[in-house]
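*Asks:* Okay, here's the structure, questions in a sec.
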Amino acid sequence: MPSCHTDCIEKPVSNWFHKLGGFVGRNPWWFLLVPLFISAGLGAGFYFLEEREAHGIEDQFTPKDGPAKKERHFVKEHFPQNDSEFSRLRLYTEGSYGSFIAVSKSSDILSEKAFEEIIYLDGRVREMGIGHERLTYENLCAMKSNRCFSNYMLDVTNGTASTIKNANLTFPFHNSMFLGTELGGVVLNSSIIVSAKAVRLSYFLRENNKAENDIWLHGFTQVFSNLSDELNKIQVSYFTSNSREEELKGNSKSVIPLFSVAYFLAISFSMISCLRLDCVRNKVWVASFGALSAGLAVLSSFGLLLLCGMPFAMTVATAPFLILGIGVDDMFIMISCWQQTQVHDNVEDRMAATYKDAAISITITTLTDALAFYIGLLTPFGSVQSFCMYTGTAVLFCYLYNITFFGAFLALNGRREKGNRHWLTCMKVPEPEDSPEKYNICCVGGAYDQETGKEEVMPINNFLKMYYGPFLTNTWTKVFVILLYAGYLGSSIYGCFQIQEGIDLKNLAADSSYVGSYYDNEDQYFSQYGPNVMVVVTDSEFQYWDETARKRLDTCLRSFESLTLAGQSLVAKDMTLSWLNEYVKAGVVSNPNNETIFMDSLPTFLQQSGFTQDVNISNKVIIASRLFIQTINVSTAVDEKNMLNKLRETANGCPGKLVVYHPAFIYFDQYAVIVSNTIQNIVVATLAMLVISLMLIPNPICSLWVTFAIASVIVGVAGFMALWDVNLDSVSMINLVICIGFSVDFSAHISYAFVSSKEPTANKKAVDAVYHLGYPILQGAVSTILGVVVLSAAESYIFRTFFKIMFLVILFGVLHGIVFIPVFLTFFGICNIN
């Protein structure tokens, strides 16, 4: 007796699709033309593509609700920047600036000849915009003491290169000026600089005129992009505050030419894999329209979301490659089901049977794929949300067009086959019984299996049934498969413990971008000193005049200075900057323990000492104040993550209300959420997949096997991506979400075929499932790989990462679909429909 589960869900869905297939078979032209008109209308949304493009690094690749953004808001509100007294140390943003690093071609940058070229470059920067007075550096520069903010290394020489050798520079401080960010690759004799390898100069602009700043910064990059023939003693790398976003924008456009290559490969493969020597049964045009259906899905879904105002992040550029694979995969399933129908039945009945057989399989994969992507909207990364929204919607359109547009063409092709007409000319050709030949590609066709009344199976189907299936279900083969799976799982788990977190910002630019060389030089010569971090006292009731309170705060600062990272100091002990300590030590206040005296003398001290921007006073109450600690030995993404965690833990452990902040923390925040968000998405999506599988696969045990396959593929992809030098970041998080959908695709097809099989034993069920769906799965896998393989040639970390993980997803998905799952299912003979 049928189960309630089967009666209530699986059978009604199959019956509904049976009716839909018949309706499409009767009215194919409507279902062919209407999707074309819909696509044309929605495609108008591409008019807004440029307007919707989102290239903001912070918006797209940092957590939307990251703690550092709240900390920045507090700093911005309580310590507004002073345009007339610029201080790089006190910026709550990265600022608006251009910068270049000059690296000596010899051993020492502090030579007269090298400095002549550095001074020459400085002159070129300052000459920019002459002829348009408003766009010169002098008119746009950040001001300090009524003059443009200057680089101390240039002040030392006073514009004369010959003075550099007699400067007797000390490091990291020279005459109280910090050189750690301007001079790199330093060789010391005690604290005296013997030589150095690199000099970095920065040109900061006022942030109240963005449009003019953008023009000037563009000119800055133009000047340095044409300097290679003018310099003999130094090599120069350059960067601006706009560089990352500009390069990200160009990076996304670089992949557009690859679309045509990907579609050509996928369509070619689809046509070849559906090619038959029978001139009637040939499915070349069917395969072409299947790929076209995926293209229409991208056009419609993207156009709709662009019309709705959805931001279009760079990561979305990879979605069409993926949708092509998903659409073609469903197409192969439908073609396979069509070939299982009776050739002498009318087209309407064949379509009804095709839809009934394919319905559950493609519905499961569509629901799971779409749901996996929509669950990705829970992540706090804009790039992930944008990708998931566009791709999830495209999956739904792909499904819709497969059962309408592609189904309609399948019906029209069926009418041609019914009339025994040639696949290319549509001319009627002799049937096999009227010709001495069974079939040929030119003029004889329409052959079919006389015993079954179905189309003749492809040679690979026979191979799967006669050889591969029996081999796979052999006892010794099963033992080998179990050992193989154990090795796979062990390697994957090992790899999971090697995962590195976070995206290196230089990877957002193309490999050939000037940004990369600047970051490389920065890492090589200027990594000794990390961020100079603000320690902000947010407690407006903190009693600075109380000696005990000051000692507690001082103890807290000592706690920061005692932090270590991998056995090395994390904070420089002699470089902490505290207005409070300086105030007490200066002796300008007769009794620092008296509130009235303390507060009355404070404004004068702050004005004279340059600490005015570090204390927010209102009505003789200190609302907030900030101190500074200098981090050191922070050179890798892991160091950045650990530094941020240690600083925040220390701040939380201090008495009073303290927060730590630096503009770079906006980007470091990804480390705090990337792992937890990835795990959250995977767990939620996997549970959702389990529910869908339980609803549509008519056996709970086999539904659990599908869920097992999801978890197994995710572990494999996560482990092997780490072994393939791919970090866990917002880009790879997208691909792990994709894992869920694709691992369901392959295992769900096989599991459903297994439980639906009428064969009496588990081994025969496994052979039957592989026989019917093994080839469509291989076709879908290869077509998806061909759809993304072109991305391996992209000059971009983002697109290469997409290829690497998609390759792993498909490889492991297929391995589970046609090797592991069929074998594991044979251990549970109860996996059948009662």
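Residues are named by chain letter and number: chains run A, B, ... in the order of the structure tokens, numbers start at 1 in each chain, and ligands are numbered from 1 in the order shown.
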Looking only at the backbone, which of the residues in segment 194-373 of chain A does DSSP tag as helix (DSSP H, G or I), as JSON, numbers by chain?
*Replies:* {"A": [210, 211, 212, 213, 214, 215, 216, 217, 218, 219, 220, 221, 222, 223, 224, 225, 243, 244, 245, 246, 247, 248, 249, 250, 251, 252, 253, 256, 257, 258, 259, 260, 261, 262, 263, 264, 265, 266, 267, 268, 269, 270, 271, 272, 273, 284, 285, 286, 287, 288, 289, 290, 291, 292, 293, 294, 295, 296, 297, 298, 299, 300, 301, 302, 303, 304, 305, 306, 307, 314, 315, 316, 317, 318, 319, 320, 321, 322, 323, 324, 325, 326, 327, 328, 329, 330, 331, 332, 333, 334, 335, 336, 337, 338, 339, 347, 348, 349, 350, 351, 352, 353, 354, 355, 356, 357, 358, 359, 360, 361, 362, 363, 364, 365, 366, 367, 368, 369, 370, 371, 372, 373]}
*Asks:* For Asn521 of chain A, please output as a VMD selection string all residues within 12 Å (counting only C-alpha atoms; exclusion window: fewer than 5 positions along the same chain).
*Replies:* chain A and resid 100 to 104 183 to 185 197 to 200 235 to 239 506 514 to 516 526 to 527
*Asks:* May I have all residues of segment 482-567 of chain A that DSSP, computed from the backbone, assigns to strand (DSSP E), given as an mmCIF file with all heavy atoms, in the first residue's frame?
*Replies:*
```cif
data_model
loop_
_atom_site.group_PDB
_atom_site.id
_atom_site.type_symbol
_atom_site.label_atom_id
_atom_site.label_comp_id
_atom_site.auth_asym_id
_atom_site.auth_seq_id
_atom_site.Cartn_x
_atom_site.Cartn_y
_atom_site.Cartn_z
ATOM 1 N N TYR A 529 56.174 47.708 11.427
ATOM 2 C CA TYR A 529 55.228 48.454 12.260
ATOM 3 C C TYR A 529 53.824 48.315 11.695
ATOM 4 O O TYR A 529 53.572 48.617 10.529
ATOM 5 C CB TYR A 529 55.630 49.928 12.342
ATOM 6 C CG TYR A 529 56.930 50.129 13.080
ATOM 7 C CD1 TYR A 529 58.130 50.253 12.385
ATOM 8 C CD2 TYR A 529 56.956 50.160 14.472
ATOM 9 C CE1 TYR A 529 59.327 50.414 13.062
ATOM 10 C CE2 TYR A 529 58.152 50.311 15.155
ATOM 11 C CZ TYR A 529 59.333 50.436 14.447
ATOM 12 O OH TYR A 529 60.524 50.579 15.135
ATOM 13 N N GLY A 530 52.911 47.819 12.547
ATOM 14 C CA GLY A 530 51.526 47.635 12.140
ATOM 15 C C GLY A 530 50.706 48.882 12.416
ATOM 16 O O GLY A 530 51.247 49.990 12.576
ATOM 17 N N PRO A 531 49.392 48.732 12.512
ATOM 18 C CA PRO A 531 48.524 49.884 12.766
ATOM 19 C C PRO A 531 48.834 50.565 14.095
ATOM 20 O O PRO A 531 49.143 49.902 15.082
ATOM 21 C CB PRO A 531 47.117 49.258 12.792
ATOM 22 C CG PRO A 531 47.248 47.959 12.073
ATOM 23 C CD PRO A 531 48.630 47.479 12.336
ATOM 24 N N ASN A 532 48.763 51.887 14.090
ATOM 25 C CA ASN A 532 48.861 52.657 15.337
ATOM 26 C C ASN A 532 47.425 52.797 15.855
ATOM 27 O O ASN A 532 46.634 53.569 15.333
ATOM 28 C CB ASN A 532 49.480 54.029 15.084
ATOM 29 C CG ASN A 532 50.010 54.649 16.355
ATOM 30 O OD1 ASN A 532 49.288 54.746 17.338
ATOM 31 N ND2 ASN A 532 51.271 55.060 16.333
ATOM 32 N N VAL A 533 47.099 52.025 16.870
ATOM 33 C CA VAL A 533 45.706 51.789 17.263
ATOM 34 C C VAL A 533 45.239 52.789 18.313
ATOM 35 O O VAL A 533 45.955 53.073 19.285
ATOM 36 C CB VAL A 533 45.555 50.349 17.807
ATOM 37 C CG1 VAL A 533 44.119 50.095 18.265
ATOM 38 C CG2 VAL A 533 45.960 49.343 16.746
ATOM 39 N N MET A 534 44.022 53.301 18.105
ATOM 40 C CA MET A 534 43.406 54.166 19.109
ATOM 41 C C MET A 534 42.842 53.308 20.242
ATOM 42 O O MET A 534 42.163 52.305 19.988
ATOM 43 C CB MET A 534 42.237 54.954 18.502
ATOM 44 C CG MET A 534 42.583 55.850 17.356
ATOM 45 S SD MET A 534 41.077 56.681 16.734
ATOM 46 C CE MET A 534 41.688 57.303 15.168
ATOM 47 N N VAL A 535 43.122 53.702 21.478
ATOM 48 C CA VAL A 535 42.471 53.110 22.645
ATOM 49 C C VAL A 535 41.541 54.190 23.175
ATOM 50 O O VAL A 535 41.997 55.206 23.717
ATOM 51 C CB VAL A 535 43.482 52.678 23.720
ATOM 52 C CG1 VAL A 535 42.760 52.092 24.932
ATOM 53 C CG2 VAL A 535 44.468 51.671 23.147
ATOM 54 N N VAL A 536 40.247 54.000 22.972
ATOM 55 C CA VAL A 536 39.274 55.059 23.248
ATOM 56 C C VAL A 536 38.567 54.793 24.575
ATOM 57 O O VAL A 536 38.008 53.711 24.788
ATOM 58 C CB VAL A 536 38.233 55.153 22.116
ATOM 59 C CG1 VAL A 536 37.280 56.321 22.357
ATOM 60 C CG2 VAL A 536 38.927 55.299 20.767
ATOM 61 N N VAL A 537 38.613 55.786 25.461
ATOM 62 C CA VAL A 537 37.868 55.727 26.719
ATOM 63 C C VAL A 537 36.482 56.304 26.439
ATOM 64 O O VAL A 537 36.326 57.504 26.210
ATOM 65 C CB VAL A 537 38.569 56.523 27.831
ATOM 66 C CG1 VAL A 537 37.785 56.404 29.143
ATOM 67 C CG2 VAL A 537 39.995 56.049 28.023
ATOM 68 N N THR A 564 51.727 39.439 23.360
ATOM 69 C CA THR A 564 52.664 38.798 22.435
ATOM 70 C C THR A 564 51.887 38.027 21.377
ATOM 71 O O THR A 564 50.731 37.648 21.564
ATOM 72 C CB THR A 564 53.598 37.813 23.170
ATOM 73 O OG1 THR A 564 52.802 36.815 23.832
ATOM 74 C CG2 THR A 564 54.463 38.532 24.186
ATOM 75 N N LEU A 565 52.572 37.794 20.257
ATOM 76 C CA LEU A 565 51.984 37.068 19.142
ATOM 77 C C LEU A 565 53.065 36.161 18.576
ATOM 78 O O LEU A 565 54.108 36.643 18.117
ATOM 79 C CB LEU A 565 51.504 38.055 18.068
ATOM 80 C CG LEU A 565 50.469 37.582 17.054
ATOM 81 C CD1 LEU A 565 49.181 37.158 17.738
ATOM 82 C CD2 LEU A 565 50.186 38.684 16.046
#
```
*Asks:* Would you please work out which residue, of A:Phe665, A:Tyr797, A:Phe463, A:Phe405, is nearest to Asn27 of chain A when using only C-alpha atoms?
*Replies:*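 Closest to Asn27 of chain A of all the choices is A:Phe405.
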*Asks:* So which one's closest to Ala266 of chain A, A:Ile326, A:Ile692, A:Leu577, A:Leu231? Using only C-alpha atoms, please.
*Replies:*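 Checking each candidate against Ala266 of chain A, we get A:Ile326 as the closest.
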*Asks:* Select, from A:Lys804, A:Arg276, A:His772, A:Lys19, the residue with the minimum atom-to-atom distance to Ser792 of chain A, counting only C-alpha atoms.
*Replies:*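 Once distances to Ser792 of chain A are computed over only C-alpha atoms, the minimum belongs to A:Lys804.
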*Asks:* Produce a table with one row for each residue of segment 618-688 of chain A that has an atom at most 12 Å from any atom of segment 52-64 of chain A, each row naming the nearest atom pair and its distance in Å at one decimal; use only C-alpha atoms; arrange rows by chain and rising residue number; format as JSON lines.
*Replies:*
```
{"residue": "A:Pro663", "atom": "CA", "partner": "A:Glu58", "partner_atom": "CA", "distance": 10.9}
{"residue": "A:Ala664", "atom": "CA", "partner": "A:Glu58", "partner_atom": "CA", "distance": 10.5}
{"residue": "A:Phe665", "atom": "CA", "partner": "A:Thr62", "partner_atom": "CA", "distance": 9.8}
{"residue": "A:Ile666", "atom": "CA", "partner": "A:Thr62", "partner_atom": "CA", "distance": 6.7}
{"residue": "A:Tyr667", "atom": "CA", "partner": "A:Thr62", "partner_atom": "CA", "distance": 5.7}
{"residue": "A:Phe668", "atom": "CA", "partner": "A:Thr62", "partner_atom": "CA", "distance": 8.2}
{"residue": "A:Asp669", "atom": "CA", "partner": "A:Pro63", "partner_atom": "CA", "distance": 6.8}
{"residue": "A:Gln670", "atom": "CA", "partner": "A:Thr62", "partner_atom": "CA", "distance": 5.8}
{"residue": "A:Tyr671", "atom": "CA", "partner": "A:Thr62", "partner_atom": "CA", "distance": 9.5}
{"residue": "A:Ala672", "atom": "CA", "partner": "A:Pro63", "partner_atom": "CA", "distance": 9.2}
{"residue": "A:Val673", "atom": "CA", "partner": "A:Pro63", "partner_atom": "CA", "distance": 7.6}
{"residue": "A:Ile674", "atom": "CA", "partner": "A:Pro63", "partner_atom": "CA", "distance": 8.7}
{"residue": "A:Asn677", "atom": "CA", "partner": "A:Pro63", "partner_atom": "CA", "distance": 10.3}
```
*Asks:* Can you tell me which residues surround Phe824 of chain A at a distance of at most 9 Å, considering only C-alpha atoms, apart from same-chain residues fewer than 3 positions away, and format the answer as a PDB file with N, CA and C atoms, in the first residue's frame?
*Replies:*
```
ATOM      1  N   LYS A 478      33.348  -2.809  -3.653  1.00  0.00           N
ATOM      2  CA  LYS A 478      32.759  -2.076  -2.538  1.00  0.00           C
ATOM      3  C   LYS A 478      33.772  -1.852  -1.419  1.00  0.00           C
ATOM      4  N   ILE A 482      35.039   1.805  -0.109  1.00  0.00           N
ATOM      5  CA  ILE A 482      35.032   2.219   1.307  1.00  0.00           C
ATOM      6  C   ILE A 482      36.406   2.731   1.723  1.00  0.00           C
ATOM      7  N   TRP A 705      20.735   9.947   3.176  1.00  0.00           N
ATOM      8  CA  TRP A 705      21.946   9.734   2.387  1.00  0.00           C
ATOM      9  C   TRP A 705      22.253  10.957   1.536  1.00  0.00           C
ATOM     10  N   VAL A 819      29.825   6.959  -7.651  1.00  0.00           N
ATOM     11  CA  VAL A 819      30.706   5.977  -7.000  1.00  0.00           C
ATOM     12  C   VAL A 819      30.263   5.719  -5.561  1.00  0.00           C
ATOM     13  N   PHE A 820      30.368   6.705  -4.708  1.00  0.00           N
ATOM     14  CA  PHE A 820      30.121   6.493  -3.274  1.00  0.00           C
ATOM     15  C   PHE A 820      28.656   6.191  -2.964  1.00  0.00           C
ATOM     16  N   ILE A 821      27.746   7.069  -3.397  1.00  0.00           N
ATOM     17  CA  ILE A 821      26.335   6.925  -3.027  1.00  0.00           C
ATOM     18  C   ILE A 821      25.724   5.627  -3.547  1.00  0.00           C
ATOM     19  N   PHE A 827      23.887  -0.914   0.781  1.00  0.00           N
ATOM     20  CA  PHE A 827      23.931  -1.455   2.137  1.00  0.00           C
ATOM     21  C   PHE A 827      22.571  -1.337   2.829  1.00  0.00           C
ATOM     22  N   PHE A 828      21.630  -0.610   2.195  1.00  0.00           N
ATOM     23  CA  PHE A 828      20.315  -0.387   2.803  1.00  0.00           C
ATOM     24  C   PHE A 828      19.235  -0.798   1.809  1.00  0.00           C
TER      25      PHE A 828
END
```
*Asks:* Which residues are near Pro459 of chain A? Cut-off 12 Å, only C-alpha atoms, ignore same chain within fewer than 4 positions. Put them as a count of residues only.
*Replies:* 12
*Asks:* Please provide the set of residues having any atom within 9 Å of Ser796 of chain A, restricted to only C-alpha atoms, with same-chain residues fewer than 5 positions apart removed, written as a PyMOL selection string.
*Replies:* chain A and resi 251-252+254-255+507-512+791+801
*Asks:* Nearest residue to Ala711 of chain A out of A:Gly813, A:Gly290, A:Gly43, A:Gly382, using only C-alpha atoms?
*Replies:*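 With only C-alpha atoms as the atom set, the closest residue is A:Gly813.
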*Asks:* Pick out the residues sitting within 10 Å of Arg72 of chain A, and hand them over as a ChimeraX atom specification; count only C-alpha atoms, and ignore anything fewer than 5 positions along from it in its own chain.
*Replies:* /A:67,77-79,91-93,660-663,665-666
*Asks:* Could those residues be written to a file, using all heavy atoms, as a compact mmCIF listing (two decimals), in the first residue's frame?
*Replies:*
```txt
# COMPACT_ATOMS: atom_id res chain seq x y z
N PRO A 67 31.92 45.11 14.17
CA PRO A 67 32.17 45.96 15.35
C PRO A 67 32.97 47.23 15.01
O PRO A 67 32.73 48.29 15.58
CB PRO A 67 32.97 45.05 16.29
CG PRO A 67 32.62 43.67 15.87
CD PRO A 67 32.37 43.73 14.40
N GLU A 77 32.03 60.62 15.66
CA GLU A 77 31.12 61.51 16.37
C GLU A 77 31.83 62.31 17.46
O GLU A 77 31.53 63.49 17.67
CB GLU A 77 29.99 60.67 16.98
CG GLU A 77 28.90 61.48 17.67
CD GLU A 77 27.77 60.60 18.17
OE1 GLU A 77 27.34 59.71 17.41
OE2 GLU A 77 27.36 60.79 19.33
N HIS A 78 32.79 61.67 18.14
CA HIS A 78 33.42 62.32 19.29
C HIS A 78 34.77 62.95 18.98
O HIS A 78 35.25 63.79 19.75
CB HIS A 78 33.58 61.31 20.43
CG HIS A 78 32.28 60.88 21.04
ND1 HIS A 78 31.50 59.88 20.51
CD2 HIS A 78 31.61 61.34 22.13
CE1 HIS A 78 30.41 59.73 21.24
NE2 HIS A 78 30.45 60.61 22.24
N PHE A 79 35.39 62.54 17.85
CA PHE A 79 36.70 63.11 17.50
C PHE A 79 36.71 63.49 16.03
O PHE A 79 37.40 62.89 15.22
CB PHE A 79 37.82 62.10 17.79
CG PHE A 79 37.81 61.57 19.19
CD1 PHE A 79 37.30 60.30 19.47
CD2 PHE A 79 38.32 62.32 20.25
CE1 PHE A 79 37.28 59.80 20.76
CE2 PHE A 79 38.31 61.83 21.54
CZ PHE A 79 37.78 60.57 21.80
N LEU A 91 43.20 59.89 11.88
CA LEU A 91 42.16 59.65 10.89
C LEU A 91 41.24 58.51 11.32
O LEU A 91 41.72 57.48 11.79
CB LEU A 91 42.79 59.30 9.53
CG LEU A 91 43.47 60.42 8.75
CD1 LEU A 91 44.16 59.85 7.52
CD2 LEU A 91 42.45 61.48 8.33
N TYR A 92 39.94 58.68 11.15
CA TYR A 92 39.02 57.57 11.42
C TYR A 92 38.67 56.84 10.12
O TYR A 92 37.95 55.84 10.14
CB TYR A 92 37.76 58.04 12.14
CG TYR A 92 36.98 59.14 11.46
CD1 TYR A 92 36.15 58.85 10.39
CD2 TYR A 92 37.05 60.45 11.91
CE1 TYR A 92 35.42 59.85 9.77
CE2 TYR A 92 36.32 61.46 11.30
CZ TYR A 92 35.51 61.16 10.23
OH TYR A 92 34.79 62.15 9.61
N THR A 93 39.15 57.34 8.98
CA THR A 93 39.07 56.62 7.70
C THR A 93 40.49 56.47 7.18
O THR A 93 41.45 56.96 7.78
CB THR A 93 38.23 57.40 6.68
OG1 THR A 93 38.92 58.63 6.36
CG2 THR A 93 36.85 57.71 7.21
N VAL A 660 39.03 49.59 21.08
CA VAL A 660 40.21 49.83 20.25
C VAL A 660 39.74 50.02 18.81
O VAL A 660 38.80 49.37 18.36
CB VAL A 660 41.19 48.64 20.35
CG1 VAL A 660 41.87 48.61 21.70
CG2 VAL A 660 40.50 47.30 20.09
N TYR A 661 40.42 50.91 18.09
CA TYR A 661 39.98 51.19 16.72
C TYR A 661 41.16 51.65 15.86
O TYR A 661 42.05 52.37 16.31
CB TYR A 661 38.90 52.27 16.69
CG TYR A 661 38.54 52.68 15.27
CD1 TYR A 661 37.80 51.81 14.47
CD2 TYR A 661 38.98 53.87 14.73
CE1 TYR A 661 37.49 52.15 13.16
CE2 TYR A 661 38.68 54.22 13.41
CZ TYR A 661 37.94 53.35 12.63
OH TYR A 661 37.66 53.66 11.33
N HIS A 662 41.11 51.19 14.62
CA HIS A 662 41.96 51.69 13.55
C HIS A 662 41.18 51.48 12.25
O HIS A 662 40.41 50.51 12.14
CB HIS A 662 43.29 50.91 13.50
CG HIS A 662 44.25 51.46 12.49
ND1 HIS A 662 44.23 51.10 11.16
CD2 HIS A 662 45.28 52.36 12.63
CE1 HIS A 662 45.19 51.75 10.52
NE2 HIS A 662 45.84 52.51 11.39
N PRO A 663 41.32 52.35 11.24
CA PRO A 663 40.55 52.17 10.00
C PRO A 663 40.72 50.80 9.37
O PRO A 663 39.79 50.28 8.74
CB PRO A 663 41.10 53.28 9.09
CG PRO A 663 41.54 54.36 10.04
CD PRO A 663 42.05 53.64 11.25
N PHE A 665 40.76 48.05 10.82
CA PHE A 665 39.92 47.06 11.51
C PHE A 665 38.61 46.81 10.76
O PHE A 665 37.99 45.76 10.93
CB PHE A 665 39.60 47.52 12.94
CG PHE A 665 40.79 47.49 13.87
CD1 PHE A 665 42.04 47.08 13.43
CD2 PHE A 665 40.66 47.87 15.19
CE1 PHE A 665 43.14 47.04 14.29
CE2 PHE A 665 41.73 47.84 16.06
CZ PHE A 665 42.98 47.42 15.61
N ILE A 666 38.20 47.77 9.93
CA ILE A 666 36.99 47.58 9.11
C ILE A 666 37.17 46.32 8.25
O ILE A 666 36.23 45.53 8.09
CB ILE A 666 36.75 48.80 8.20
CG1 ILE A 666 36.55 50.08 9.04
CG2 ILE A 666 35.57 48.56 7.26
CD1 ILE A 666 35.26 50.11 9.82
```
*Asks:* Go through A:Pro655, A:Gly587, A:Ile360, A:Arg415 one by one, measure the shortest atom-to-atom distance of each to Trp16 of chain A using only C-alpha atoms, and give the residue with the smallest value.
*Replies:*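 Closest to Trp16 of chain A, using only C-alpha atoms: A:Ile360.
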